Amino acid sequence: MSEKLSIGRAINEGLRAAMERDDKVLVMGEDVGPLGGVFRVTDGLHKDFGENRVIDTPLAESAIVGTAVGLAARGYRPVVEIQFDGFVYPAYDQIVSQVARLHFRSRGSVRMPMVIRIPFGGGIGAVEHHSESPEAQFVMTPGLRVVSCSSPHDAYWMIQEAIASDDPVVFMEPKRRYWETGEVDRDTRPGTTWSSSVVRPGRDATLLAYGPMVATCRQAAEAAVADGLELEVIDLRTLSPLDLAPVFESVRRTGHAVVVHEAQRTLGLGAELSARITEECFYSLEAPVQRVTGYDLPYPPSKVEDIFLPDLDRILDAVDVAREIGSR
Amino acid sequence: MNVPRTGPTVSADLVQLLTPQGERVEHPAYAYSGDLASIAALYRDMVLARRIDTEAFALQRHGELGLWPPALGQEAAQIGSGRALRPQDYAFPTYREHGVAWCRGVPPVGLVGIFRGVELGGGWDPAEYNIALPQIIIGAQTLHATGYAMGLTFDHAVGTGDPERDAAVIAYFGDGASSQGDVNEALDWAAVHQAPVVFFCQNNQYAISVPLDRQTAVPIAQRATGFGIPGVRVDGNDVLAVHAVTTAALQRARDGEGPTLVEAVTYRMGAHTTSDDPTRYRDAAEVEEWKAKDPIDRVRTYLENNGQPLSFFHDLEAEADQVGSDLRTDCAALPDPDLADMFDQVLVETPDELKEQQAAYVAWRDSFEGSLA
C-alpha cells in the first residue's frame, strides 16, 4: 500500500520505523523533543519513545556529536540532528577528527554507527547560516558516507538504511523540499537506496543532481520538451561513495553531462563529477562537462538567493552551451 | 571516603594524605583505607609505570620511536585514579595516560605503536580493557566519556546498588584542555544529565610551554561550582589522596549522583614531548622544588618506615628491569603496517571505489623489482 507523504513526514516515519525495530536507536539534537524539531521532522517521537530515546540536548553542536561518539562506543545507534547546515561547523572537528576516523584509528575494532542529519540548502528566505550546502566538505573526508534524498519514498527508506549502517552517515535533507509530497510505498523494502537513480530517462543530455536540485532538474527537463529535447535526469542519492556506473552509462549515450548543485562551484561535487566523467567517458563526450552551481560567494542575503541558486533557465542554458559546442 | 552530598561544594584546601616527607596525615573528608600491602601495590604500579615511561623515552632517543610524551612526575595521579577503577568502569585517556593504561591491563607495547609510526590509535581493542584509545585532539575525549556515561545510565548500569553492575566513566584531561570548548560542553552536559562521569584533570602546570595562569583565572576545580557539580583539588603527587578522592567520586557516579570534577595538582617533570625543550620556559629551581615532592619517593619512605622488607624493593627493581627489557624487545618486534590493509579499515563496508584504489596501489607496489610479490 502506498500513501502520500511529505519528505519531512517520510523521514519522520522512517525514524519511527527504525526506532521501533531497534531500541538502541536514539534521536538527539536541539529542540528535537516536545517541539519535534524546528522542521518537525522528529514530531511525536518524544511522546512515543520517551526522553531517554529522543534527547533534547544542550545547545552545543560539538557536544551533540561528541557525546554521540561515546554512545556509539557503548553500543547505541545515535541519530543526531544538526538544526541547520551552517551550524555544523562547531561539530566539524568531532565529525572529521573523531567520527570519520575511529574505525580507521582502531584498525577496525571500533564502529561508529551514527547518522548525522543535516537539513541543507537554500531557498527558504532565511538569515545567514541557514541555507548552506557543506556536503563536499564531508565527501572529501574519508571514513564518512554522505547521502541525500530528493523524494518522500527515498527519504523514508534512505534514513532507515542510514540507521542500519555500521558506518557513520551524513544525511543531507533538502530542507526547502520538506513539504513537497509524493507516494511512499512502505510495504516493499527496496534494494539499496544508496545508488544513482535515473529519475527521468532521456537521450540528448544527462543532468546530474541530488537533494533539492533534483526537482529543479526535472522541471528543466519538462520545459525542454517544448524545444524537442529529451533530457535524462539522474539523482545521485549517494555522494560518498559516488555510484558512477549509471552516470557513465548515461553520458556515453547522451554525449553531454550537466552537473547541478546549490553548493559553490570550486571543489564542489561538480568538480569531482566532471573529472570522473572526463576520465571515463572522454571519447563519448561531445562537449566539456558543464557545471551549474552556486557562485563562489558566501551564501548571499535572501533577497538575491533566487539569482544565486541554480534555476531552470541556468540549467537549460548550460544544456544549450554544451549542445552548441557539440554541434561545431 | 565520602564527598559531601548536599549541593555543589569545593574544598578550598588541597586534599593530602601522605606528605612529601612520607608521613600520613588526616583529612576531614577523605581517608585511604588500604593496608600496607595495598600501598606497596600502588608503589609497585608507580615504579613500573615510571620504568615503562623512561624506557620509552630512551627508545625515542635511540631512534626507535619518533616521539614520546613523558608522564614523569604524574605517576601518583595516574596510578591513584587508575587503581580506583573497577573492571566495569571505563576510562577515556589523552595520549599521556601510560600509567592508567597500565592499570587497565594494557600491555606496555600497546603504548608505543603510535609513536613508532606503526599505527594511529594504540595497540589494543578498547572493548577488551575498557579504556578508549589515546586521544590527541585536546579535550575531545571528555565528550566521548560523557556520551558513554549517558549510555551507562540508559543501560541501567548506574544506581542499582549492585557493586558488580554499577559502573562509572573517568575522563582524563589536562590544565590546557580546561580551556577547550569541548571540555566545558562536557562538564555542562554531564551536569545537566547527571551522567556518571568523573572529570579527572591532571593539572601538570603547563600546556607545552604556557603556564597555568594563562589558561585559567581560578583554580580549575573551582569551575565545578559554575557547572553545579562538586569540585575537589587533590595533591596529585600523593597516590593515597588521589586514590581516596577518585574512589569517592567514582562511587558517587556509580550511585547515580552525577559527575565530579577532580583537579589533581601535579607537575610534568619532563618535557611535553621528546621534541620539547622546557629550559626555554621554566626555571631549574622550579623543577627542583617539585623534585622534592616526587610521588614515588614519599611512598618509599613511608613503606620503609613501616616495615616493608628491603627484599620487596630489590625484587621490584628486578621486575622493573624485566618490564623495561620486554618493552624494548616488543617494540623492536612491532611489524610495520601494510598500506594495502588500510583500505579495508576506512569503513565497515569497503566501497568499490576504495577497492579499486587498493588494487591499483597493490599493482603499483608489486610492479617494482624486489617487491614482496
# chains A, B, ... in the order shown; residues from 1 in each chain; ligands from 1

$ interface_residues --of "chain B" --to "chain A" --cutoff "7 Å" --atoms "only C-alpha atoms" --output "MDAnalysis selection string"
chainID B and resid 120:121 125 143:148 151 154 182 185:186 189 345:348 351

$ residues_around --residues "Gly122 of chain B" --least-positions-apart "5" --cutoff "6 Å" --atoms "only C-alpha atoms" --output "PyMOL selection string"
chain B and resi 110-111+114+133

$ residues_around --residues "Ser81 of chain B" --least-positions-apart "5" --cutoff "9 Å" --atoms "only C-alpha atoms" --output "NGL selection string"
:B and (76 or 100 or 170 or 200 or 239 or 242-247)

$ write_last_selection --atoms "N, CA and C atoms" --output "mmCIF file, in the first residue's frame"
data_model
loop_
_atom_site.group_PDB
_atom_site.id
_atom_site.type_symbol
_atom_site.label_atom_id
_atom_site.label_comp_id
_atom_site.auth_asym_id
_atom_site.auth_seq_id
_atom_site.Cartn_x
_atom_site.Cartn_y
_atom_site.Cartn_z
ATOM 1 N N ALA B 76 51.557 9.293 40.460
ATOM 2 C CA ALA B 76 50.569 9.157 41.535
ATOM 3 C C ALA B 76 49.174 9.500 41.022
ATOM 4 N N VAL B 100 47.675 4.922 33.528
ATOM 5 C CA VAL B 100 46.279 4.472 33.556
ATOM 6 C C VAL B 100 46.129 3.230 32.669
ATOM 7 N N ILE B 170 35.624 7.575 33.637
ATOM 8 C CA ILE B 170 36.576 8.629 34.028
ATOM 9 C C ILE B 170 37.155 9.244 32.764
ATOM 10 N N PHE B 200 38.679 14.029 35.391
ATOM 11 C CA PHE B 200 39.929 13.973 36.147
ATOM 12 C C PHE B 200 40.973 14.814 35.426
ATOM 13 N N VAL B 239 49.636 9.513 46.025
ATOM 14 C CA VAL B 239 48.838 8.429 45.450
ATOM 15 C C VAL B 239 47.688 8.023 46.369
ATOM 16 N N VAL B 242 44.949 10.744 45.963
ATOM 17 C CA VAL B 242 44.309 10.623 44.648
ATOM 18 C C VAL B 242 43.383 9.414 44.631
ATOM 19 N N HIS B 243 43.874 8.312 45.192
ATOM 20 C CA HIS B 243 43.060 7.101 45.215
ATOM 21 C C HIS B 243 41.785 7.324 46.025
ATOM 22 N N ALA B 244 41.910 7.957 47.183
ATOM 23 C CA ALA B 244 40.738 8.178 48.042
ATOM 24 C C ALA B 244 39.721 9.103 47.369
ATOM 25 N N VAL B 245 40.220 10.182 46.809
ATOM 26 C CA VAL B 245 39.329 11.169 46.184
ATOM 27 C C VAL B 245 38.639 10.559 44.952
ATOM 28 N N THR B 246 39.412 9.852 44.133
ATOM 29 C CA THR B 246 38.836 9.281 42.914
ATOM 30 C C THR B 246 37.865 8.149 43.248
ATOM 31 N N THR B 247 38.217 7.356 44.241
ATOM 32 C CA THR B 247 37.317 6.277 44.668
ATOM 33 C C THR B 247 35.961 6.854 45.065
#

$ select_by_dssp --residues "segment 76-280 of chain A" --states "strand (DSSP E or B)" --output "ChimeraX atom specification"
/A:77-81,115-120,145-148,169-174,181-185,197-200,205-209,231-235,238-240,242,257-264

$ write_last_selection --atoms "C-alpha atoms" --output "PDB file, in the first residue's frame"
ATOM      1  CA  ARG A  77      22.963   3.963  17.258  1.00  0.00           C
ATOM      2  CA  PRO A  78      22.549   7.711  17.665  1.00  0.00           C
ATOM      3  CA  VAL A  79      20.763   9.752  15.029  1.00  0.00           C
ATOM      4  CA  VAL A  80      21.818  13.330  15.662  1.00  0.00           C
ATOM      5  CA  GLU A  81      20.125  16.341  14.173  1.00  0.00           C
ATOM      6  CA  VAL A 115      23.667   9.209  11.457  1.00  0.00           C
ATOM      7  CA  ILE A 116      24.187  12.966  11.282  1.00  0.00           C
ATOM      8  CA  ARG A 117      21.065  14.549   9.802  1.00  0.00           C
ATOM      9  CA  ILE A 118      21.605  17.967   8.271  1.00  0.00           C
ATOM     10  CA  PRO A 119      18.797  19.995   6.684  1.00  0.00           C
ATOM     11  CA  PHE A 120      20.710  21.756   3.911  1.00  0.00           C
ATOM     12  CA  ARG A 145      29.221   8.101   3.935  1.00  0.00           C
ATOM     13  CA  VAL A 146      27.244  11.008   2.581  1.00  0.00           C
ATOM     14  CA  VAL A 147      23.773  10.607   1.107  1.00  0.00           C
ATOM     15  CA  SER A 148      20.964  12.950   0.134  1.00  0.00           C
ATOM     16  CA  VAL A 169      26.408   8.526   7.588  1.00  0.00           C
ATOM     17  CA  VAL A 170      25.957  12.240   6.918  1.00  0.00           C
ATOM     18  CA  PHE A 171      22.337  12.501   5.827  1.00  0.00           C
ATOM     19  CA  MET A 172      21.663  15.666   3.835  1.00  0.00           C
ATOM     20  CA  GLU A 173      17.995  16.630   3.828  1.00  0.00           C
ATOM     21  CA  PRO A 174      16.653  19.046   1.180  1.00  0.00           C
ATOM     22  CA  THR A 181       4.625  15.349  -1.177  1.00  0.00           C
ATOM     23  CA  GLY A 182       4.811  12.104  -3.081  1.00  0.00           C
ATOM     24  CA  GLU A 183       3.812   8.477  -2.904  1.00  0.00           C
ATOM     25  CA  VAL A 184       5.650   6.297  -0.392  1.00  0.00           C
ATOM     26  CA  ASP A 185       5.457   2.543  -0.586  1.00  0.00           C
ATOM     27  CA  SER A 197      18.934   6.516  -9.922  1.00  0.00           C
ATOM     28  CA  VAL A 198      17.647   7.609 -13.321  1.00  0.00           C
ATOM     29  CA  VAL A 199      14.545   9.567 -12.360  1.00  0.00           C
ATOM     30  CA  ARG A 200      13.714  10.691 -15.890  1.00  0.00           C
ATOM     31  CA  ALA A 205      21.928  15.296 -22.361  1.00  0.00           C
ATOM     32  CA  THR A 206      22.374  13.996 -18.821  1.00  0.00           C
ATOM     33  CA  LEU A 207      21.510  16.215 -15.854  1.00  0.00           C
ATOM     34  CA  LEU A 208      23.180  15.146 -12.594  1.00  0.00           C
ATOM     35  CA  ALA A 209      21.791  16.367  -9.294  1.00  0.00           C
ATOM     36  CA  LEU A 231      16.977  15.330 -21.011  1.00  0.00           C
ATOM     37  CA  GLU A 232      17.918  12.440 -18.748  1.00  0.00           C
ATOM     38  CA  VAL A 233      17.898  13.262 -15.030  1.00  0.00           C
ATOM     39  CA  ILE A 234      19.973  11.236 -12.580  1.00  0.00           C
ATOM     40  CA  ASP A 235      19.527  11.571  -8.835  1.00  0.00           C
ATOM     41  CA  THR A 238      24.866   8.654  -2.650  1.00  0.00           C
ATOM     42  CA  LEU A 239      27.513  11.384  -2.681  1.00  0.00           C
ATOM     43  CA  SER A 240      30.195   9.382  -0.894  1.00  0.00           C
ATOM     44  CA  LEU A 242      29.656   8.010  -5.602  1.00  0.00           C
ATOM     45  CA  ALA A 257      26.723  15.985 -18.909  1.00  0.00           C
ATOM     46  CA  VAL A 258      25.494  18.915 -16.831  1.00  0.00           C
ATOM     47  CA  VAL A 259      26.092  18.821 -13.080  1.00  0.00           C
ATOM     48  CA  VAL A 260      23.764  20.904 -10.927  1.00  0.00           C
ATOM     49  CA  HIS A 261      24.203  21.779  -7.253  1.00  0.00           C
ATOM     50  CA  GLU A 262      23.496  24.660  -4.908  1.00  0.00           C
ATOM     51  CA  ALA A 263      26.944  24.500  -3.347  1.00  0.00           C
ATOM     52  CA  GLN A 264      29.603  26.855  -4.629  1.00  0.00           C
TER      53      GLN A 264
END

$ residues_around --residues "Ala155 of chain A" --least-positions-apart "2" --cutoff "8 Å" --atoms "only C-alpha atoms" --output "number ranges by chain"
A: 7, 10-11, 14, 149-153, 157-159

$ residues_around --residues "Ile79 of chain B" --least-positions-apart "3" --cutoff "9 Å" --atoms "only C-alpha atoms" --output "PyMOL selection string"
chain B and resi 42-43+45-46+49+74-76+82-84+99-100+102-103+239+242-243

$ write_last_selection --atoms "N, CA and C atoms" --output "short mmCIF file (atom, residue, chain, number, x, y, z; two decimals), in the first residue's frame"
data_model
loop_
_atom_site.label_atom_id
_atom_site.label_comp_id
_atom_site.auth_asym_id
_atom_site.auth_seq_id
_atom_site.Cartn_x
_atom_site.Cartn_y
_atom_site.Cartn_z
N LEU B 42 50.40 -0.12 45.15
CA LEU B 42 50.37 1.17 44.43
C LEU B 42 51.80 1.62 44.11
N TYR B 43 52.69 1.41 45.07
CA TYR B 43 54.09 1.77 44.87
C TYR B 43 54.67 1.00 43.68
N ASP B 45 53.06 -0.31 41.17
CA ASP B 45 52.49 0.22 39.92
C ASP B 45 53.21 1.49 39.48
N MET B 46 53.48 2.36 40.43
CA MET B 46 54.12 3.63 40.08
C MET B 46 55.55 3.40 39.58
N ALA B 49 55.25 1.88 36.13
CA ALA B 49 54.79 2.89 35.16
C ALA B 49 55.93 3.83 34.82
N GLN B 74 53.95 12.28 37.09
CA GLN B 74 52.49 12.20 37.18
C GLN B 74 52.01 10.79 37.56
N GLU B 75 52.93 9.99 38.10
CA GLU B 75 52.59 8.59 38.37
C GLU B 75 51.51 8.45 39.43
N ALA B 76 51.56 9.29 40.46
CA ALA B 76 50.57 9.16 41.54
C ALA B 76 49.17 9.50 41.02
N GLY B 82 43.74 5.37 38.41
CA GLY B 82 43.57 4.14 37.62
C GLY B 82 43.21 2.95 38.49
N ARG B 83 43.81 2.91 39.69
CA ARG B 83 43.52 1.78 40.59
C ARG B 83 42.21 1.96 41.36
N ALA B 84 41.60 3.12 41.22
CA ALA B 84 40.27 3.32 41.83
C ALA B 84 39.16 2.78 40.93
N GLY B 99 50.29 5.38 32.71
CA GLY B 99 50.04 4.69 33.98
C GLY B 99 48.61 4.17 34.09
N VAL B 100 47.67 4.92 33.53
CA VAL B 100 46.28 4.47 33.56
C VAL B 100 46.13 3.23 32.67
N TRP B 102 48.36 1.09 32.03
CA TRP B 102 48.96 0.00 32.81
C TRP B 102 47.95 -0.57 33.81
N CYS B 103 47.26 0.29 34.50
CA CYS B 103 46.27 -0.16 35.48
C CYS B 103 45.13 -0.94 34.82
N VAL B 239 49.64 9.51 46.03
CA VAL B 239 48.84 8.43 45.45
C VAL B 239 47.69 8.02 46.37
N VAL B 242 44.95 10.74 45.96
CA VAL B 242 44.31 10.62 44.65
C VAL B 242 43.38 9.41 44.63
N HIS B 243 43.87 8.31 45.19
CA HIS B 243 43.06 7.10 45.21
C HIS B 243 41.79 7.32 46.02
#

$ select_by_dssp --residues "segment 43-123 of chain B" --states "alpha helix (DSSP H)" --output "VMD selection string"
chain B and resid 43 to 61 75 to 82 98 to 103 109 to 116

$ closest_residue --among "B:Thr301, B:Thr329, B:Gln88, B:Gln21" --to "Ala40 of chain B" --atoms "only C-alpha atoms"
B:Thr301

$ atom_distance --atom1 "atom CA of Ala17 of chain A" --atom2 "atom CA of Ala162 of chain A"
12.5 Å

$ residues_around --residues "Ala207 of chain B" --least-positions-apart "4" --cutoff "9 Å" --atoms "only C-alpha atoms" --output "PyMOL selection string"
chain B and resi 174-177+211-212+215+272

$ write_last_selection --atoms "C-alpha atoms" --output "PDB file, in the first residue's frame"
ATOM      1  CA  GLY B 174      44.961  18.407  31.371  1.00  0.00           C
ATOM      2  CA  ASP B 175      45.117  22.004  32.503  1.00  0.00           C
ATOM      3  CA  GLY B 176      45.489  23.146  28.898  1.00  0.00           C
ATOM      4  CA  ALA B 177      42.371  21.236  27.869  1.00  0.00           C
ATOM      5  CA  PRO B 211      51.754  28.102  32.304  1.00  0.00           C
ATOM      6  CA  LEU B 212      48.519  27.582  34.194  1.00  0.00           C
ATOM      7  CA  GLN B 215      44.672  29.069  30.996  1.00  0.00           C
ATOM      8  CA  HIS B 272      55.927  17.981  26.894  1.00  0.00           C
TER       9      HIS B 272
END

$ residues_around --residues "Gly66 of chain B" --least-positions-apart "5" --cutoff "8 Å" --atoms "only C-alpha atoms" --output "list in words"
Gln60, Phe115, Arg116 and Gly117 of chain B

$ closest_residue --among "B:Val265, B:Ala224, B:Leu59, B:Ala320" --to "Asp188 of chain B" --atoms "only C-alpha atoms"
B:Ala224

$ decode --residues "segment 90-102 of chain A" --atoms "N, CA and C atoms" --output "compact mmCIF listing (two decimals), in the first residue's frame"
# COMPACT_ATOMS: atom_id res chain seq x y z
N PRO A 90 30.65 24.04 14.32
CA PRO A 90 31.15 23.75 15.68
C PRO A 90 31.34 22.25 15.92
N ALA A 91 30.63 21.41 15.17
CA ALA A 91 30.76 19.96 15.32
C ALA A 91 31.74 19.38 14.31
N TYR A 92 32.28 20.24 13.47
CA TYR A 92 33.11 19.76 12.36
C TYR A 92 34.30 18.95 12.86
N ASP A 93 34.93 19.42 13.94
CA ASP A 93 36.09 18.70 14.46
C ASP A 93 35.71 17.30 14.93
N GLN A 94 34.62 17.21 15.68
CA GLN A 94 34.21 15.88 16.15
C GLN A 94 33.85 14.97 14.97
N ILE A 95 33.23 15.53 13.94
CA ILE A 95 32.84 14.71 12.79
C ILE A 95 34.08 14.23 12.03
N VAL A 96 34.95 15.19 11.73
CA VAL A 96 36.08 14.89 10.84
C VAL A 96 37.22 14.17 11.58
N SER A 97 37.49 14.63 12.83
CA SER A 97 38.64 14.07 13.56
C SER A 97 38.28 12.83 14.37
N GLN A 98 37.01 12.64 14.67
CA GLN A 98 36.62 11.50 15.51
C GLN A 98 35.70 10.53 14.78
N VAL A 99 34.50 11.00 14.44
CA VAL A 99 33.50 10.09 13.86
C VAL A 99 34.07 9.39 12.62
N ALA A 100 34.71 10.16 11.76
CA ALA A 100 35.18 9.61 10.49
C ALA A 100 36.39 8.70 10.67
N ARG A 101 37.09 8.83 11.80
CA ARG A 101 38.39 8.16 11.88
C ARG A 101 38.51 7.06 12.92
N LEU A 102 37.52 6.95 13.80
CA LEU A 102 37.70 5.99 14.89
C LEU A 102 37.84 4.55 14.38
